[in-house]
Structure formats: C-alpha cells, structure tokens
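**Student:** Have a peek at coords.txt (compact mmCIF, C-alpha atoms and all ligand atoms).
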# COMPACT_ATOMS: atom_id res chain seq x y z
CA MET A 24 94.95 79.32 78.01
CA GLU A 25 93.24 76.36 79.65
CA PHE A 26 89.56 75.88 78.82
CA HIS A 27 87.29 73.53 80.79
CA VAL A 28 83.61 72.87 80.13
CA TYR A 29 81.10 71.76 82.79
CA GLU A 30 77.62 70.30 82.53
CA SER A 31 76.10 72.97 84.76
CA ALA A 32 76.72 76.61 85.62
CA ARG A 33 76.97 75.67 89.27
CA ALA A 34 79.74 73.12 88.57
CA ALA A 35 81.75 75.67 86.54
CA CYS A 36 81.51 78.19 89.38
CA GLU A 37 82.31 75.63 92.07
CA ALA A 38 85.41 74.62 90.09
CA ALA A 39 86.60 78.22 90.50
CA GLY A 40 86.02 77.78 94.25
CA VAL A 41 88.28 74.70 94.12
CA LEU A 42 91.10 76.72 92.55
CA LEU A 43 90.76 79.53 95.10
CA ALA A 44 90.69 77.01 97.97
CA ALA A 45 93.79 75.29 96.61
CA GLN A 46 95.60 78.65 96.51
CA ILE A 47 94.55 79.41 100.11
CA THR A 48 95.67 75.93 101.21
CA ARG A 49 99.08 76.20 99.60
CA LYS A 50 99.84 79.77 100.69
CA GLY A 51 98.17 80.99 103.87
CA ASP A 52 98.88 84.67 103.15
CA SER A 53 97.74 84.59 99.53
CA VAL A 54 96.45 87.71 97.81
CA LEU A 55 93.10 86.99 96.14
CA GLY A 56 91.57 89.16 93.44
CA LEU A 57 87.80 88.93 93.78
CA ALA A 58 84.81 89.58 91.56
CA THR A 59 81.17 90.38 92.16
CA GLY A 60 78.09 89.73 89.99
CA SER A 61 75.99 86.57 89.84
CA THR A 62 78.70 84.27 88.50
CA PRO A 63 81.04 83.94 91.52
CA ILE A 64 78.32 83.36 94.14
CA PRO A 65 78.58 79.52 94.11
CA ALA A 66 82.38 79.79 94.38
CA TYR A 67 81.99 81.94 97.51
CA GLU A 68 79.42 79.50 98.91
CA MET A 69 81.97 76.70 98.55
CA LEU A 70 84.69 78.76 100.25
CA VAL A 71 82.35 79.53 103.16
CA GLN A 72 81.48 75.83 103.54
CA TRP A 73 85.13 74.77 103.52
CA TYR A 74 85.94 77.51 106.02
CA GLU A 75 83.13 76.34 108.33
CA ARG A 76 84.42 72.76 108.12
CA GLY A 77 87.94 73.90 109.00
CA VAL A 78 89.39 73.05 105.60
CA ILE A 79 90.58 76.58 104.77
CA ASP A 80 91.54 79.58 106.90
CA PHE A 81 91.37 83.24 105.89
CA ASP A 82 93.25 84.66 108.90
CA ARG A 83 96.25 85.83 106.81
CA ILE A 84 94.52 86.08 103.41
CA ARG A 85 94.43 89.47 101.69
CA THR A 86 91.82 90.39 99.09
CA PHE A 87 91.42 93.04 96.39
CA ASN A 88 88.14 93.44 94.54
CA LEU A 89 87.95 94.31 90.88
CA ASP A 90 85.47 97.13 91.02
CA GLU A 91 82.82 99.21 92.74
CA TYR A 92 80.06 101.49 91.49
CA VAL A 93 80.69 105.21 91.75
CA GLY A 94 78.03 107.23 93.53
CA ILE A 95 76.64 104.42 95.68
CA ASP A 96 77.31 104.45 99.41
CA HIS A 97 79.24 101.42 100.68
CA LYS A 98 76.37 100.63 103.04
CA ASN A 99 73.87 100.53 100.18
CA PRO A 100 72.88 96.85 99.76
CA LEU A 101 73.50 97.19 96.00
CA SER A 102 77.10 98.29 96.49
CA TYR A 103 79.85 95.76 95.85
CA HIS A 104 81.09 96.40 99.40
CA ALA A 105 77.73 95.08 100.66
CA PHE A 106 77.78 92.21 98.16
CA MET A 107 81.16 91.00 99.39
CA GLN A 108 80.11 91.38 103.01
CA GLU A 109 77.00 89.28 102.36
CA HIS A 110 78.61 86.52 100.31
CA LEU A 111 82.09 86.18 101.80
CA PHE A 112 83.60 88.77 104.14
CA GLY A 113 80.86 88.50 106.77
CA LYS A 114 81.02 84.69 106.77
CA VAL A 115 84.73 83.85 107.08
CA ASN A 116 87.59 85.01 109.32
CA LEU A 117 89.03 87.59 106.91
CA ARG A 118 90.47 90.54 108.85
CA ALA A 119 88.87 93.90 108.00
CA GLU A 120 92.28 95.45 107.38
CA ASN A 121 93.06 92.76 104.79
CA VAL A 122 90.09 93.36 102.49
CA HIS A 123 90.22 96.06 99.83
CA LEU A 124 87.79 97.43 97.27
CA PRO A 125 88.51 100.38 95.02
CA SER A 126 86.54 103.51 95.84
CA GLY A 127 86.48 107.20 95.04
CA ARG A 128 86.47 109.20 91.86
CA SER A 129 89.97 110.69 91.72
CA ALA A 130 93.05 109.57 89.80
CA MET A 131 94.77 109.63 93.23
CA ALA A 132 92.33 107.02 94.55
CA GLY A 133 93.17 104.80 91.58
CA ALA A 134 96.92 105.20 92.01
CA ALA A 135 96.62 104.46 95.74
CA TYR A 136 94.76 101.20 94.97
CA ASP A 137 97.44 100.16 92.46
CA GLU A 138 100.09 100.87 95.09
CA LYS A 139 98.25 98.78 97.72
CA ILE A 140 98.16 95.83 95.31
CA ARG A 141 101.87 96.24 94.56
CA SER A 142 102.86 96.50 98.21
CA ALA A 143 100.85 93.35 99.01
CA GLY A 144 103.18 91.57 96.57
CA GLY A 145 100.69 91.41 93.68
CA ILE A 146 97.64 89.21 93.20
CA ASP A 147 98.23 85.46 93.38
CA ILE A 148 94.92 84.44 91.83
CA GLN A 149 92.36 86.68 90.16
CA LEU A 150 88.75 85.53 89.85
CA LEU A 151 86.84 87.03 86.91
CA GLY A 152 83.35 86.97 85.47
CA ILE A 153 82.78 88.28 81.96
CA GLY A 154 80.29 90.71 80.52
CA ARG A 155 78.18 89.87 77.47
CA ASN A 156 80.31 92.41 75.61
CA GLY A 157 83.58 90.80 76.73
CA HIS A 158 84.29 93.21 79.58
CA ILE A 159 86.29 92.02 82.58
CA GLY A 160 86.25 93.93 85.86
CA PHE A 161 84.04 96.53 84.15
CA ASN A 162 86.86 97.34 81.71
CA GLU A 163 84.51 98.02 78.85
CA PRO A 164 85.21 97.65 75.10
CA ALA A 165 87.32 100.65 74.05
CA GLU A 166 89.92 101.84 71.60
CA GLU A 167 92.77 101.05 74.00
CA PHE A 168 93.49 98.73 76.91
CA THR A 169 93.61 100.51 80.27
CA TYR A 170 96.43 99.99 82.72
CA GLY A 171 95.75 100.89 86.36
CA THR A 172 92.71 101.48 88.55
CA HIS A 173 90.51 104.12 86.95
CA ILE A 174 86.98 105.40 86.52
CA VAL A 175 84.99 103.64 83.81
CA THR A 176 81.78 104.67 82.13
CA LEU A 177 79.58 101.61 81.98
CA ALA A 178 78.48 100.46 78.53
CA LYS A 179 74.76 100.52 77.66
CA ASP A 180 74.83 96.71 77.51
CA THR A 181 76.31 96.47 81.01
CA ILE A 182 73.71 98.88 82.41
CA GLU A 183 70.95 96.76 80.84
CA ALA A 184 72.49 93.51 82.13
CA ASN A 185 72.85 94.87 85.68
CA ALA A 186 69.39 96.45 85.77
CA ARG A 187 68.18 93.12 87.20
CA PHE A 188 69.72 94.06 90.56
CA PHE A 189 68.05 97.51 90.61
CA ARG A 190 64.43 98.63 90.30
CA SER A 191 65.11 99.81 86.76
CA ALA A 192 67.96 100.48 84.34
CA ASP A 193 67.68 104.19 85.23
CA GLU A 194 68.91 103.42 88.74
CA VAL A 195 72.07 101.60 87.64
CA PRO A 196 75.07 103.87 88.25
CA ARG A 197 76.66 105.11 85.03
CA GLN A 198 80.20 104.88 86.36
CA ALA A 199 82.37 102.48 88.33
CA ILE A 200 85.93 102.45 89.58
CA SER A 201 87.79 99.45 88.23
CA MET A 202 91.13 97.78 88.61
CA GLY A 203 92.45 98.19 85.07
CA ILE A 204 93.46 95.49 82.64
CA GLY A 205 97.11 95.99 83.65
CA ASN A 206 96.42 94.90 87.24
CA ILE A 207 94.46 91.88 86.02
CA MET A 208 97.26 90.88 83.64
CA ALA A 209 99.83 91.27 86.45
CA ALA A 210 98.02 88.63 88.56
CA LYS A 211 100.04 85.41 88.76
CA CYS A 212 97.03 83.33 87.73
CA VAL A 213 93.63 84.30 86.32
CA VAL A 214 90.44 82.20 86.58
CA LEU A 215 87.57 83.38 84.39
CA VAL A 216 84.12 81.84 84.83
CA ALA A 217 81.48 82.19 82.11
CA THR A 218 78.02 80.70 82.35
CA GLY A 219 74.86 80.94 80.29
CA GLU A 220 74.00 81.29 76.64
CA ASN A 221 74.34 85.08 76.72
CA LYS A 222 78.09 84.72 77.38
CA ALA A 223 78.72 82.35 74.43
CA GLU A 224 79.83 85.05 71.99
CA ALA A 225 82.08 86.70 74.56
CA VAL A 226 83.72 83.34 75.36
CA TYR A 227 84.31 82.59 71.69
CA ASN A 228 85.74 86.05 70.99
CA THR A 229 87.93 85.87 74.10
CA ILE A 230 89.52 82.57 73.15
CA ARG A 231 89.37 82.42 69.35
CA GLY A 232 89.07 86.06 68.32
CA PRO A 233 91.79 88.62 67.71
CA ILE A 234 93.36 90.31 70.74
CA THR A 235 91.63 93.66 70.77
CA PRO A 236 90.46 96.25 73.31
CA HIS A 237 87.04 95.92 71.66
CA VAL A 238 86.87 92.54 73.46
CA PRO A 239 88.81 93.36 76.65
CA ALA A 240 88.95 89.72 77.83
CA SER A 241 90.80 88.75 74.62
CA ILE A 242 94.03 90.07 76.15
CA LEU A 243 93.94 87.04 78.45
CA GLN A 244 95.26 85.04 75.47
CA LEU A 245 98.62 86.57 76.43
CA HIS A 246 98.39 85.66 80.12
CA PRO A 247 100.82 82.88 81.10
CA CYS A 248 98.35 81.28 83.54
CA CYS A 249 94.75 81.75 82.50
CA VAL A 250 92.04 79.17 83.20
CA ILE A 251 88.59 79.58 81.66
CA LEU A 252 85.75 77.60 83.21
CA ALA A 253 82.47 77.55 81.29
CA ASP A 254 79.19 75.69 81.31
CA ARG A 255 77.82 74.05 78.16
CA GLU A 256 75.72 77.08 77.15
CA ALA A 257 78.58 79.56 77.42
CA SER A 258 80.86 77.24 75.42
CA ARG A 259 78.33 76.56 72.64
CA LEU A 260 80.19 78.48 69.90
CA MET A 261 83.47 76.73 70.79
CA ARG A 262 81.96 73.44 69.59
CA GLU A 263 80.79 74.69 66.19
C1 LIG B 1 82.02 92.46 88.70
C2 LIG B 1 82.73 92.43 87.43
C3 LIG B 1 81.99 92.30 86.15
C4 LIG B 1 81.18 91.00 86.09
C5 LIG B 1 80.44 90.87 84.76
C6 LIG B 1 79.57 89.64 84.73
O1 LIG B 1 82.95 92.57 89.76
O2 LIG B 1 83.92 92.51 87.43
O3 LIG B 1 82.92 92.33 85.09
O4 LIG B 1 82.05 89.91 86.26
O5 LIG B 1 79.66 92.01 84.56
O6 LIG B 1 78.57 89.73 85.68
P1 LIG B 1 77.63 88.50 86.05
O7 LIG B 1 78.47 87.50 86.76
O8 LIG B 1 76.57 89.08 86.96
O9 LIG B 1 77.09 87.99 84.76
As structure tokens, what does this structure read like?
**Tutor:**
Amino acid sequence: MEFHVYESARAACEAAGVLLAAQITRKGDSVLGLATGSTPIPAYEMLVQWYERGVIDFDRIRTFNLDEYVGIDHKNPLSYHAFMQEHLFGKVNLRAENVHLPSGRSAMAGAAYDEKIRSAGGIDIQLLGIGRNGHIGFNEPAEEFTYGTHIVTLAKDTIEANARFFRSADEVPRQAISMGIGNIMAAKCVVLVATGENKAEAVYNTIRGPITPHVPASILQLHPCCVILADREASRLMRE
C-alpha cells in the first residue's frame, strides 16, 4: 500500500485526478471505476479542466460507477446518475454507451453489471472514497466480504452521513446497489481518497488494523496496487 499525505483536502483529491489523468493519457481506452460523494468532486473538476484544455480525451474511455441508491429515479438530482452527469459526464466527451452505473434490485441486475465489467476487460483504475465506518463503494461493515454487484442495506452511520444531501435522514434511501468488494479488488489499481477528521479512524483501521469485513477497506492491504491519498486531518492517527 502506498500512503501519501497532503496539506489540504483539495490537494489530496486533486492528486487522485492526476492519477486518473495519467491513466487516460497512457491508455486511451482505459476503463475507469468511479465514485460519488463529496470527496471525488475536486478530482472531477481537474479532469474537466484538462479535457477543456485538450490535455486528455474521453472519446474511447469506459467508466463503471461503484454504486447507486435503490428507489431513486435516475433523473432525481440526488441520484448518483445525476451526480455523475453534473460533475463529469455532462462536461467531457464521454460517449453515453461507454458510461455505466449499477441499477435495479435483482440478483440478475448485479450479475449483468459484473459481466459488463468483465467484458470491458476489467477496471484499470478504481477511484474510492471511504465511509466513516470504513465502507468502500457502500460495502458496509459485515460478517463477510461480498463478491459481486449486489444490494446493500445502508448502515445507520452512512444514512446519517449522507443526510446532508437530503432534507432529512428520513429521506435517505435505505438501500443501494453496489459493485462488491470482489470487483474493487479485481481492479488493476485502486486509488482511495480520505479527507477530514471524521475519516481518521477509518484510515488508521484500513492501513494498520486487521483485515476484517468489519472494516471493509482493510482488504485493500492485500491489493497489489493500492494508493491512499489523505489530508492531514484524515491521517492524524497515523502520526501518533
Ligand atoms: C460513493 C461511495 C461511498 C463514498 C463514501 C464517502 O460512490 O462509494 O463509499 O465514497 O460514503 O463519501 P464522501 O466522499 O461524501 O465522504
């Protein structure tokens, strides 16, 4: 695992943008695994700027998102479909047929998403945020690691954390469909960004703790190419 600390949250997130841009530069038909939430926004802003300046081109890039809420229409501004449209898809020359987000409630929908990832040749670089409880891609703490794309029941902590996007915690969907840990681990390279004091424990447990499904991100200790980018607050416990 590589671990890099930045003075500001913005710098940590922009560094993730650098790694994604490098991947796009080196392989024009790369498969990107993308995340939503507050953390990746500066990385997407950087990608949009480099696209506008002609530095990177998305014409042949394929993307797979980690997750989507269940029970929210894709046109709803709070859906992850809408989030991606607003922050990246609507601003660069990605082809509509090349962008993918999981959706649906059935096991079939999950298996079909896994198959799409496989037939694209697998994910070259997977961007991740991290939940306060150590979740990645909404794979919540559990007794076992999950493998493929599946329906998850969001943890109370995640519902509380995401209530900031909704009018109240009551409106946060209780379920999401998520690419499982297996798909994340199969990515050729993983870039996890963690910012803010409330991620410090999750960062410490991910890097220094035991590998356990109770801290889903801890499995990244076994990934052959995992880069963790954190700001000073999120890395506080690593210095003690
Ligand atoms: C979203 C996702 C989640 C978030 C996590 C952190 O696609 O996969 O695991 O990365 O909940 O969210 P933020 O960045 O809003 O703190």
**Student:** Report the closest atom pair, with its distance in Å rounded to one decimal, for each residue of chain A that has an atom no farther than 6 Å from ligand LIG 1 (chain B); count all atoms listed in the file, sort by chain and then rising residue number, and write it as CSV.
**Tutor:**
residue,atom,partner,partner_atom,distance
A:Ala58,CA,B:LIG1,O1,4.0
A:Thr59,CA,B:LIG1,O1,3.7
A:Gly60,CA,B:LIG1,O8,3.5
A:Ser61,CA,B:LIG1,O8,3.9
A:Thr62,CA,B:LIG1,O7,3.7
A:Leu89,CA,B:LIG1,O1,5.4
A:Asp90,CA,B:LIG1,O1,5.4
A:Leu151,CA,B:LIG1,O4,5.6
A:Gly152,CA,B:LIG1,O4,3.3
A:Ile153,CA,B:LIG1,C6,4.5
A:Gly154,CA,B:LIG1,C5,4.2
A:His158,CA,B:LIG1,O3,5.7
A:Ile159,CA,B:LIG1,O3,4.2
A:Gly160,CA,B:LIG1,O2,3.1
A:Phe161,CA,B:LIG1,O3,4.4
**Student:** Check the smallest atom-to-atom distance from each of A:Ile84, A:Val195, A:Cys212, A:Ala257 to Ser102 (chain A) using only C-alpha atoms, then report the winner.
**Tutor:**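 Using only C-alpha atoms, the shortest distance to Ser102 (chain A) belongs to A:Val195.
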**Student:** Please return as a list in words every residue within 6 Å of (85.7, 96.3, 71.4), taking into account all atoms listed in the file and the file's own coordinates.
**Tutor:**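 Protein and nucleic acid residues near the point are Pro164, Ala165, Pro236, His237 and Val238 of chain A.
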**Student:** Just the number, please: distance in Å from CA of His97 (chain A) to CA of Ile204 (chain A), one decimal.
**Tutor:** 23.7 Å
**Student:** Counting only C-alpha atoms, figure out which residue out of A:Ser142, A:Ser129, A:Asn228, A:Thr86 gets nearest to Leu55 (chain A).
**Tutor:**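 For Leu55 (chain A), the nearest of the candidates is A:Thr86.
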**Student:** Taking only C-alpha atoms into account, name the residue in A:Phe26, A:Asp52, A:Leu177, A:Ser31 that is nearest to Arg255 (chain A).
**Tutor:** A:Ser31
**Student:** For a quick check of understanding, using all atoms listed in the file, which of A:Ser201, A:Ser241, A:Ser258, A:Thr181 has the smallest distance to Glu30 (chain A)?
**Tutor:** A:Ser258
**Student:** Find the spatial neighbours of Ala253 (chain A), counting only C-alpha atoms, within a cut-off of 9 Å - ignore same-chain residues fewer than 5 positions away - and output them as number ranges by chain.
**Tutor:** A: 26-32, 34-36, 215-219, 226, 258
**Student:** So what do you get for CA of Thr48 (chain A) versus CA of Ile146 (chain A), distance-wise?
**Tutor:**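 Distance reported for this atom pair: 15.6 Å.
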**Student:** From the list A:Trp73, A:Phe168, A:Phe188, A:Tyr103, which residue is nearest Asn206 (chain A) when using all atoms listed in the file?
**Tutor:**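 Counting all atoms listed in the file, the residue closest to Asn206 (chain A) is A:Phe168.
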**Student:** Record the distance separating CA of Ala45 (chain A) and CA of Met202 (chain A), expressed in Å with one decimal.
**Tutor:**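 Value for the CA of Ala45 (chain A)-CA of Met202 (chain A) distance: 24.0 Å.
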**Student:** Which one is closest to Pro247 (chain A): A:Val41, A:Met24, A:Val122, A:Phe106? Count only C-alpha atoms.
**Tutor:**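 Closest to Pro247 (chain A) of all the choices is A:Met24.
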**Student:** Near Ala186 (chain A), counting only C-alpha atoms, which residues have an atom at most 10 Å away, once you skip same-chain residues fewer than 6 positions from it, shown as a PDB file with C-alpha atoms, in the frame of the given file?
**Tutor:**
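Heads up, here's the output in selection-v9.pdb:
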ATOM      1  CA  ASP A 180      74.830  96.710  77.510  1.00  0.00           C
ATOM      2  CA  ALA A 192      67.960 100.480  84.340  1.00  0.00           C
ATOM      3  CA  ASP A 193      67.680 104.190  85.230  1.00  0.00           C
ATOM      4  CA  GLU A 194      68.910 103.420  88.740  1.00  0.00           C
ATOM      5  CA  VAL A 195      72.070 101.600  87.640  1.00  0.00           C
ATOM      6  CA  PRO A 196      75.070 103.870  88.250  1.00  0.00           C
TER       7      PRO A 196
END
**Student:** Identify the residues within 10 Å of coordinate (85.3, 103.4, 97.8) (same frame as the file), considering all atoms listed in the file, and give the answer as a CSV table (one decimal) with C-alpha atoms, in the frame of the given file.
**Tutor:**
chain,number,residue,atom,x,y,z
A,90,ASP,CA,85.5,97.1,91.0
A,91,GLU,CA,82.8,99.2,92.7
A,92,TYR,CA,80.1,101.5,91.5
A,93,VAL,CA,80.7,105.2,91.8
A,94,GLY,CA,78.0,107.2,93.5
A,95,ILE,CA,76.6,104.4,95.7
A,96,ASP,CA,77.3,104.4,99.4
A,97,HIS,CA,79.2,101.4,100.7
A,102,SER,CA,77.1,98.3,96.5
A,103,TYR,CA,79.8,95.8,95.8
A,104,HIS,CA,81.1,96.4,99.4
A,123,HIS,CA,90.2,96.1,99.8
A,124,LEU,CA,87.8,97.4,97.3
A,125,PRO,CA,88.5,100.4,95.0
A,126,SER,CA,86.5,103.5,95.8
A,127,GLY,CA,86.5,107.2,95.0
A,128,ARG,CA,86.5,109.2,91.9
A,132,ALA,CA,92.3,107.0,94.6
A,199,ALA,CA,82.4,102.5,88.3
A,200,ILE,CA,85.9,102.4,89.6
**Student:** Name the residues in contact with Ala130 (chain A) at a cut-off of 9 Å, using only C-alpha atoms, excluding same-chain residues fewer than 4 positions from it; report them as a PyMOL selection string.
**Tutor:** chain A and resi 134-135+172-174
